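The data block below is data_22.csv; it holds CSV, C-alpha atoms.
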```csv
chain,number,residue,atom,x,y,z
Q,1,MET,CA,-0.4,-18.2,-16.8
Q,2,ASP,CA,3.1,-18.5,-18.2
Q,3,TRP,CA,6.2,-18.0,-15.9
Q,4,LEU,CA,7.0,-14.5,-17.2
Q,5,GLN,CA,3.6,-13.3,-16.2
Q,6,VAL,CA,3.9,-15.0,-12.8
Q,7,VAL,CA,7.3,-13.4,-12.1
Q,8,MET,CA,6.4,-9.9,-13.4
Q,9,LEU,CA,3.1,-9.7,-11.5
Q,10,ALA,CA,4.7,-10.9,-8.3
Q,11,VAL,CA,7.6,-8.5,-8.5
Q,12,VAL,CA,5.4,-5.6,-9.4
Q,13,GLN,CA,3.0,-6.3,-6.5
Q,14,GLY,CA,5.9,-6.7,-4.1
Q,15,LEU,CA,7.7,-3.5,-5.1
Q,16,THR,CA,4.7,-1.2,-5.6
Q,17,GLU,CA,2.6,-2.3,-2.5
Q,18,PHE,CA,4.8,-0.2,-0.2
Q,19,LEU,CA,6.3,2.4,-2.5
Q,20,PRO,CA,4.2,5.6,-2.8
Q,21,ILE,CA,3.6,5.0,-6.5
Q,22,SER,CA,0.3,3.0,-6.5
Q,23,SER,CA,0.3,-0.8,-6.8
Q,24,SER,CA,-3.2,-0.8,-8.1
Q,25,ALA,CA,-2.2,1.4,-11.0
Q,26,HIS,CA,0.7,-0.8,-12.0
Q,27,LEU,CA,-1.3,-4.1,-11.6
Q,28,ILE,CA,-4.2,-2.7,-13.6
Q,29,LEU,CA,-1.9,-1.6,-16.4
Q,30,VAL,CA,0.1,-4.8,-16.8
Q,31,PRO,CA,-2.8,-6.7,-18.6
Q,32,VAL,CA,-3.6,-3.5,-20.5
Q,33,LEU,CA,-0.1,-3.2,-21.9
Q,34,THR,CA,0.3,-6.9,-22.5
Q,35,ALA,CA,-1.7,-9.7,-24.2
Q,36,TRP,CA,-2.0,-11.6,-20.9
Q,37,GLU,CA,-5.3,-12.7,-19.6
Q,38,ASP,CA,-6.5,-11.7,-16.1
Q,39,GLN,CA,-4.5,-13.7,-13.5
Q,40,GLY,CA,-7.6,-14.4,-11.4
Q,41,LEU,CA,-8.6,-13.8,-7.8
Q,42,ALA,CA,-6.7,-16.8,-6.4
Q,43,PHE,CA,-3.4,-15.5,-7.7
Q,44,ASP,CA,-4.2,-12.0,-6.4
Q,45,VAL,CA,-4.7,-13.5,-2.9
Q,46,ALA,CA,-1.3,-15.2,-3.2
Q,47,LEU,CA,0.4,-12.0,-4.1
Q,48,HIS,CA,-1.2,-10.2,-1.2
Q,49,LEU,CA,-0.2,-13.0,1.1
Q,50,GLY,CA,3.4,-12.5,0.0
Q,51,SER,CA,3.3,-8.7,0.7
Q,52,LEU,CA,1.6,-9.3,4.0
Q,53,SER,CA,4.3,-11.8,5.1
Q,54,ALA,CA,7.0,-9.4,4.2
Q,55,VAL,CA,5.7,-6.5,6.3
Q,56,VAL,CA,4.9,-8.8,9.3
Q,57,ILE,CA,8.4,-10.3,9.2
Q,58,TYR,CA,10.1,-6.9,8.8
Q,59,PHE,CA,8.2,-5.4,11.7
Q,60,ARG,CA,7.9,-8.6,13.8
Q,61,GLN,CA,9.4,-7.0,16.9
Q,62,GLU,CA,7.2,-4.0,16.8
Q,63,ILE,CA,4.1,-6.1,16.1
Q,64,TRP,CA,4.9,-8.5,19.0
Q,65,GLN,CA,5.3,-5.5,21.4
Q,66,MET,CA,2.0,-4.1,20.1
Q,67,VAL,CA,0.2,-7.4,20.6
Q,68,THR,CA,1.6,-8.2,24.1
Q,69,SER,CA,1.0,-4.6,25.3
Q,70,SER,CA,-2.6,-4.6,24.0
Q,71,LEU,CA,-3.3,-7.9,25.8
Q,72,ALA,CA,-1.8,-6.4,29.0
Q,73,ALA,CA,-3.9,-3.3,28.6
Q,74,ILE,CA,-7.0,-5.4,28.2
Q,75,GLY,CA,-6.0,-7.2,31.4
Q,76,GLY,CA,-6.0,-3.9,33.2
Q,77,LYS,CA,-2.2,-3.3,33.4
Q,78,GLY,CA,-2.3,0.1,31.8
Q,79,VAL,CA,-1.9,1.5,28.3
Q,80,ASP,CA,1.7,2.0,27.2
Q,81,GLN,CA,3.0,3.4,23.9
Q,82,ASP,CA,2.9,0.1,22.1
Q,83,ALA,CA,-0.8,-0.6,23.1
Q,84,ARG,CA,-1.6,3.0,22.0
Q,85,LEU,CA,0.0,2.4,18.6
Q,86,ALA,CA,-1.9,-0.8,18.1
Q,87,PHE,CA,-5.1,1.1,18.8
Q,88,TRP,CA,-4.1,3.9,16.4
Q,89,VAL,CA,-3.5,1.3,13.7
Q,90,VAL,CA,-7.0,-0.1,14.2
Q,91,LEU,CA,-8.7,3.3,14.3
Q,92,ALA,CA,-6.9,4.6,11.2
Q,93,THR,CA,-8.1,1.5,9.3
Q,94,LEU,CA,-11.8,2.0,10.0
Q,95,PRO,CA,-12.5,4.7,7.3
Q,96,VAL,CA,-11.0,2.8,4.4
Q,97,SER,CA,-12.6,-0.4,5.6
Q,98,ILE,CA,-16.1,1.0,5.8
Q,99,ILE,CA,-16.0,3.0,2.6
Q,100,GLY,CA,-14.3,0.1,0.8
Q,101,LEU,CA,-17.0,-2.3,1.7
Q,102,LEU,CA,-19.8,0.1,0.8
Q,103,LEU,CA,-18.3,1.2,-2.6
Q,104,HIS,CA,-16.3,-1.9,-3.6
Q,105,ASP,CA,-18.4,-2.7,-6.6
Q,106,VAL,CA,-18.6,1.0,-7.8
Q,107,ILE,CA,-14.8,1.4,-7.6
Q,108,SER,CA,-14.2,-1.9,-9.3
Q,109,HIS,CA,-16.5,-1.2,-12.2
Q,110,TYR,CA,-16.3,2.5,-12.8
Q,111,MET,CA,-13.0,3.9,-11.5
Q,112,ARG,CA,-10.3,1.7,-12.9
Q,113,SER,CA,-9.8,3.7,-16.1
Q,114,THR,CA,-6.4,5.0,-17.3
Q,115,LEU,CA,-7.8,8.6,-17.2
Q,116,ILE,CA,-8.5,8.3,-13.4
Q,117,ILE,CA,-5.3,6.5,-12.8
Q,118,GLY,CA,-3.2,9.1,-14.7
Q,119,ILE,CA,-4.8,12.1,-13.0
Q,120,SER,CA,-4.5,10.5,-9.5
Q,121,LEU,CA,-0.9,9.6,-10.1
Q,122,MET,CA,0.0,13.2,-11.0
Q,123,GLY,CA,-2.3,15.0,-8.5
Q,124,PHE,CA,-1.6,13.0,-5.4
Q,125,GLY,CA,2.0,12.7,-6.4
Q,126,LEU,CA,2.3,16.5,-6.4
Q,127,LEU,CA,0.6,16.6,-3.1
Q,128,LEU,CA,3.1,14.2,-1.7
Q,129,GLY,CA,5.9,16.4,-3.0
Q,130,TYR,CA,4.4,19.4,-1.4
Q,131,ALA,CA,4.0,17.7,2.0
Q,132,ASP,CA,7.6,16.4,1.8
Q,133,TRP,CA,8.9,19.9,0.8
Q,134,ARG,CA,6.8,21.9,3.2
Q,135,LYS,CA,7.1,19.8,6.4
Q,136,ARG,CA,10.3,18.6,8.1
Q,137,GLY,CA,8.5,17.1,11.1
Q,138,THR,CA,10.1,15.0,13.9
Q,139,LEU,CA,7.1,13.0,15.3
Q,140,SER,CA,7.4,9.2,15.4
Q,141,GLU,CA,4.6,6.7,15.2
Q,142,TYR,CA,4.6,6.7,19.0
Q,143,GLN,CA,3.9,10.4,19.3
Q,144,LEU,CA,0.7,10.7,17.3
Q,145,SER,CA,-2.4,12.3,18.7
Q,146,LEU,CA,-6.0,11.3,18.2
Q,147,LYS,CA,-6.4,14.1,15.7
Q,148,ASP,CA,-3.3,13.1,13.7
Q,149,VAL,CA,-4.6,9.5,13.5
Q,150,LEU,CA,-8.0,10.6,12.3
Q,151,ILE,CA,-6.5,12.7,9.6
Q,152,ILE,CA,-4.2,9.9,8.4
Q,153,GLY,CA,-7.0,7.4,8.5
Q,154,GLY,CA,-9.4,9.7,6.6
Q,155,ALA,CA,-6.7,10.2,4.0
Q,156,GLN,CA,-6.2,6.5,3.6
Q,157,ALA,CA,-9.7,6.1,2.4
Q,158,LEU,CA,-8.7,8.2,-0.7
Q,159,ALA,CA,-6.5,5.2,-1.6
Q,160,LEU,CA,-9.6,3.5,-2.9
Q,161,ILE,CA,-9.3,5.7,-6.0
Q,162,PRO,CA,-7.0,3.8,-8.4
Q,163,GLY,CA,-3.7,5.6,-8.9
Q,164,THR,CA,-3.7,7.3,-5.5
Q,165,SER,CA,-1.5,4.9,-3.6
Q,166,ARG,CA,-2.4,3.8,-0.1
Q,167,SER,CA,1.2,4.2,1.1
Q,168,GLY,CA,1.5,7.5,-0.8
Q,169,ILE,CA,-1.6,9.2,0.7
Q,170,THR,CA,-0.9,8.0,4.2
Q,171,MET,CA,2.6,9.2,4.1
Q,172,THR,CA,1.4,12.5,2.7
Q,173,ALA,CA,-1.1,13.0,5.5
Q,174,ALA,CA,1.5,11.8,8.1
Q,175,LEU,CA,4.1,14.4,6.8
Q,176,LEU,CA,1.5,17.1,6.9
Q,177,VAL,CA,0.6,16.4,10.6
Q,178,GLY,CA,4.3,16.7,11.5
Q,179,MET,CA,5.8,13.2,11.3
Q,180,SER,CA,9.3,12.5,10.2
Q,181,ARG,CA,9.8,10.8,6.9
Q,182,GLU,CA,10.9,7.6,8.6
Q,183,GLY,CA,8.0,7.8,11.1
Q,184,ALA,CA,5.5,8.4,8.3
Q,185,ALA,CA,6.8,5.4,6.3
Q,186,ARG,CA,6.8,3.1,9.3
Q,187,PHE,CA,3.3,4.0,10.3
Q,188,SER,CA,2.1,3.6,6.7
Q,189,PHE,CA,3.7,0.1,6.6
Q,190,LEU,CA,2.0,-0.9,9.9
Q,191,LEU,CA,-1.3,0.4,8.5
Q,192,SER,CA,-0.9,-1.8,5.5
Q,193,ILE,CA,-1.3,-5.0,7.6
Q,194,PRO,CA,-5.0,-4.8,8.3
Q,195,VAL,CA,-5.7,-3.3,4.9
Q,196,ILE,CA,-4.0,-6.2,3.1
Q,197,VAL,CA,-5.9,-8.7,5.3
Q,198,LEU,CA,-9.2,-7.1,4.5
Q,199,ALA,CA,-8.5,-6.8,0.8
Q,200,GLY,CA,-7.4,-10.4,0.7
Q,201,GLY,CA,-10.5,-11.4,2.6
Q,202,LEU,CA,-12.8,-9.8,0.0
Q,203,GLU,CA,-11.0,-11.7,-2.7
Q,204,VAL,CA,-11.4,-14.9,-0.8
Q,205,VAL,CA,-15.1,-14.2,-0.6
Q,206,GLY,CA,-15.1,-13.8,-4.4
Q,207,ILE,CA,-13.3,-17.1,-4.8
Q,208,ILE,CA,-15.8,-18.9,-2.7
Q,209,ARG,CA,-18.7,-17.4,-4.7
Q,210,ALA,CA,-17.1,-18.3,-8.0
Q,211,PRO,CA,-14.7,-21.3,-7.6
Q,212,GLN,CA,-11.9,-21.4,-10.2
Q,213,GLU,CA,-9.1,-23.7,-11.1
Q,214,VAL,CA,-6.0,-23.0,-9.0
Q,215,GLU,CA,-2.4,-23.3,-10.3
Q,216,TRP,CA,-0.8,-24.1,-7.0
Q,217,ILE,CA,2.9,-24.0,-8.1
Q,218,ALA,CA,2.3,-20.6,-9.8
Q,219,MET,CA,0.6,-19.3,-6.6
Q,220,LEU,CA,3.5,-20.6,-4.4
Q,221,VAL,CA,6.1,-19.0,-6.6
Q,222,GLY,CA,4.1,-15.8,-6.8
Q,223,THR,CA,3.8,-15.6,-3.0
Q,224,LEU,CA,7.5,-16.1,-2.5
Q,225,LEU,CA,8.6,-13.6,-5.1
Q,226,SER,CA,6.1,-11.0,-3.9
Q,227,GLY,CA,7.2,-11.5,-0.3
Q,228,VAL,CA,10.9,-11.3,-1.1
Q,229,SER,CA,10.6,-8.2,-3.3
Q,230,ALA,CA,8.3,-6.5,-0.8
Q,231,TYR,CA,10.8,-7.1,2.0
Q,232,VAL,CA,13.7,-5.7,0.0
Q,233,CYS,CA,11.5,-2.8,-1.0
Q,234,ILE,CA,10.6,-1.9,2.6
Q,235,HIS,CA,14.3,-2.0,3.7
Q,236,TYR,CA,15.7,0.1,0.9
Q,237,PHE,CA,12.8,2.6,0.8
Q,238,LEU,CA,13.6,3.5,4.5
Q,239,VAL,CA,17.2,4.0,3.5
Q,240,ILE,CA,16.4,6.1,0.4
Q,241,ILE,CA,14.0,8.5,2.1
Q,242,LYS,CA,16.6,9.4,4.7
Q,243,LYS,CA,18.9,10.6,2.0
Q,244,LEU,CA,16.6,11.8,-0.8
Q,245,GLY,CA,13.2,12.2,0.6
Q,246,MET,CA,10.0,11.5,-1.4
Q,247,GLN,CA,11.0,13.6,-4.4
Q,248,PRO,CA,12.2,10.7,-6.7
Q,249,PHE,CA,8.9,9.0,-6.3
Q,250,VAL,CA,7.0,12.3,-7.0
Q,251,ILE,CA,8.9,12.7,-10.2
Q,252,TYR,CA,8.2,9.1,-11.2
Q,253,ARG,CA,4.5,9.5,-10.5
Q,254,VAL,CA,4.2,12.7,-12.5
Q,255,LEU,CA,6.0,11.3,-15.5
Q,256,PHE,CA,4.1,8.0,-15.4
Q,257,GLY,CA,0.8,9.8,-15.0
Q,258,ALA,CA,1.6,12.2,-17.9
Q,259,TRP,CA,2.6,9.3,-20.1
Q,260,LEU,CA,-0.6,7.4,-19.4
Q,261,LEU,CA,-2.8,10.4,-20.3
Q,262,TRP,CA,-0.8,11.1,-23.5
Q,263,PHE,CA,-0.6,7.4,-24.6
Q,264,PHE,CA,-4.3,6.6,-24.0
Q,265,HIS,CA,-6.1,9.9,-24.3
Q,266,PHE,CA,-4.3,12.1,-26.8
```
Would you write the structure of this file as structure tokens?
Amino acid sequence: MDWLQVVMLAVVQGLTEFLPISSSAHLILVPVLTAWEDQGLAFDVALHLGSLSAVVIYFRQEIWQMVTSSLAAIGGKGVDQDARLAFWVVLATLPVSIIGLLLHDVISHYMRSTLIIGISLMGFGLLLGYADWRKRGTLSEYQLSLKDVLIIGGAQALALIPGTSRSGITMTAALLVGMSREGAARFSFLLSIPVIVLAGGLEVVGIIRAPQEVEWIAMLVGTLLSGVSAYVCIHYFLVIIKKLGMQPFVIYRVLFGAWLLWFFHF
């Protein structure tokens, strides 16, 4: 890889992983719209590690409370709101984990087309816009019920469709069950942690099965750039939605999806 490719892929991964605009759509399209060869699984793992580091560092206090409270609950000291939130994160991750493992090869080989990406960007983008416009909820991530978590977790499984956006569909479902914009975003970011770990784990398995040459300097730079851009993205996204809501991202998704359909299929 040349350095322009390293920088662009890292920044695209970092920015789009947490914005409701589909990171998979953008990463799939980069090699389609350029002459670059596929970056390889090892570099993908490095980019995921950067994004994972960003969200863990940003929510380090919340994560620490969730871990310590969960251990206390296991030790019989009762379940507080932090232990409950930790359980909700695990529970909401199960649908996408199970379906992803079962259909990983099908999705990788048959659903990564620009047609599916374009339709998903537009369709699920409009659904996000409807949820943001229709609901002005007040629930935080600590006030979710079991039913709410099952709905959000079930919706997250739809993110396996390229172009849907994991963060976008979880925020959509969260808004529809009555969460505030900020609460929906924070819960979506927390849900990304086990999902990124699982996705990275699958890629590591692929590397073990098919060893490849590793460009260590490129991987290190990619990890750092992905992490920094993801951290900045998380911070400013939470600021933007307080003032503007989700509509700027809805408009971007619809325009991007329409362009994809026009450019590749008409």
Show me, as a tab-separated table, the residues of segment 107-194 of chain Q having an atom within 7 Å of segment 243-255 of chain Q, each with the closest atom pair and its distance in Å, using only C-alpha atoms.
```
residue	atom	partner	partner_atom	distance
Q:Leu121	CA	Q:Arg253	CA	5.4
Q:Met122	CA	Q:Val254	CA	4.5
Q:Gly125	CA	Q:Val250	CA	5.1
Q:Leu126	CA	Q:Val250	CA	6.3
Q:Leu128	CA	Q:Val250	CA	6.8
Q:Gly129	CA	Q:Val250	CA	5.8
Q:Asp132	CA	Q:Met246	CA	6.3
```
* To do: Identify, on the basis of all atoms listed in the file, every residue whose closest approach to Leu52 of chain Q does not exceed 10 Å; exclude the query and any residue fewer than 2 positions from it along the same chain; express the result as an MDAnalysis selection string.
  => chainID Q and resid 14 17 46:50 54:57 189 192:197 200 223 226:227 230:231
Give me the residues of segment 38-134 of chain Q that have any atom at most 12 Å from an atom of segment 162-168 of chain Q; for each, the nearest atom pair and the distance in Å, rounded to one decimal. Use all atoms listed in the file, sort by chain and number, and format it as a tab-separated table.
```
residue	atom	partner	partner_atom	distance
Q:Thr93	CA	Q:Arg166	CA	11.2
Q:Val96	CA	Q:Arg166	CA	9.8
Q:His104	CA	Q:Pro162	CA	11.9
Q:Val106	CA	Q:Pro162	CA	11.9
Q:Ile107	CA	Q:Pro162	CA	8.2
Q:Ser108	CA	Q:Pro162	CA	9.2
Q:His109	CA	Q:Pro162	CA	11.4
Q:Tyr110	CA	Q:Pro162	CA	10.4
Q:Met111	CA	Q:Pro162	CA	6.8
Q:Arg112	CA	Q:Pro162	CA	6.0
Q:Ser113	CA	Q:Pro162	CA	8.2
Q:Thr114	CA	Q:Gly163	CA	8.8
Q:Leu115	CA	Q:Gly163	CA	9.7
Q:Ile116	CA	Q:Pro162	CA	6.9
Q:Ile117	CA	Q:Gly163	CA	4.3
Q:Gly118	CA	Q:Gly163	CA	6.8
Q:Ile119	CA	Q:Gly163	CA	7.8
Q:Ser120	CA	Q:Gly163	CA	5.0
Q:Leu121	CA	Q:Gly163	CA	5.0
Q:Met122	CA	Q:Gly163	CA	8.7
Q:Gly123	CA	Q:Thr164	CA	8.4
Q:Phe124	CA	Q:Thr164	CA	6.1
Q:Gly125	CA	Q:Gly168	CA	7.7
Q:Leu126	CA	Q:Gly168	CA	10.6
Q:Leu127	CA	Q:Gly168	CA	9.4
Q:Leu128	CA	Q:Gly168	CA	6.9
Q:Gly129	CA	Q:Gly168	CA	10.2
Q:Ala131	CA	Q:Gly168	CA	10.9
Q:Asp132	CA	Q:Gly168	CA	11.1
```
* Quick one: of Q:Val6, Q:Ala184, Q:Leu85, Q:Ala92, who's nearest to Phe237 of chain Q, counting only C-alpha atoms? -> Q:Ala184
* atom CA of Val89 of chain Q and atom CA of Phe187 of chain Q are how many Å apart? -> 8.1 Å
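Going from atom CA of Leu224 of chain Q over to atom CA of Val45 of chain Q, you cover 12.5 Å.
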* Would you work out the distance separating atom CA of Ala199 of chain Q from atom CA of Leu158 of chain Q, expressed in Å to one decimal? =>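 Distance reported for this atom pair: 15.1 Å.
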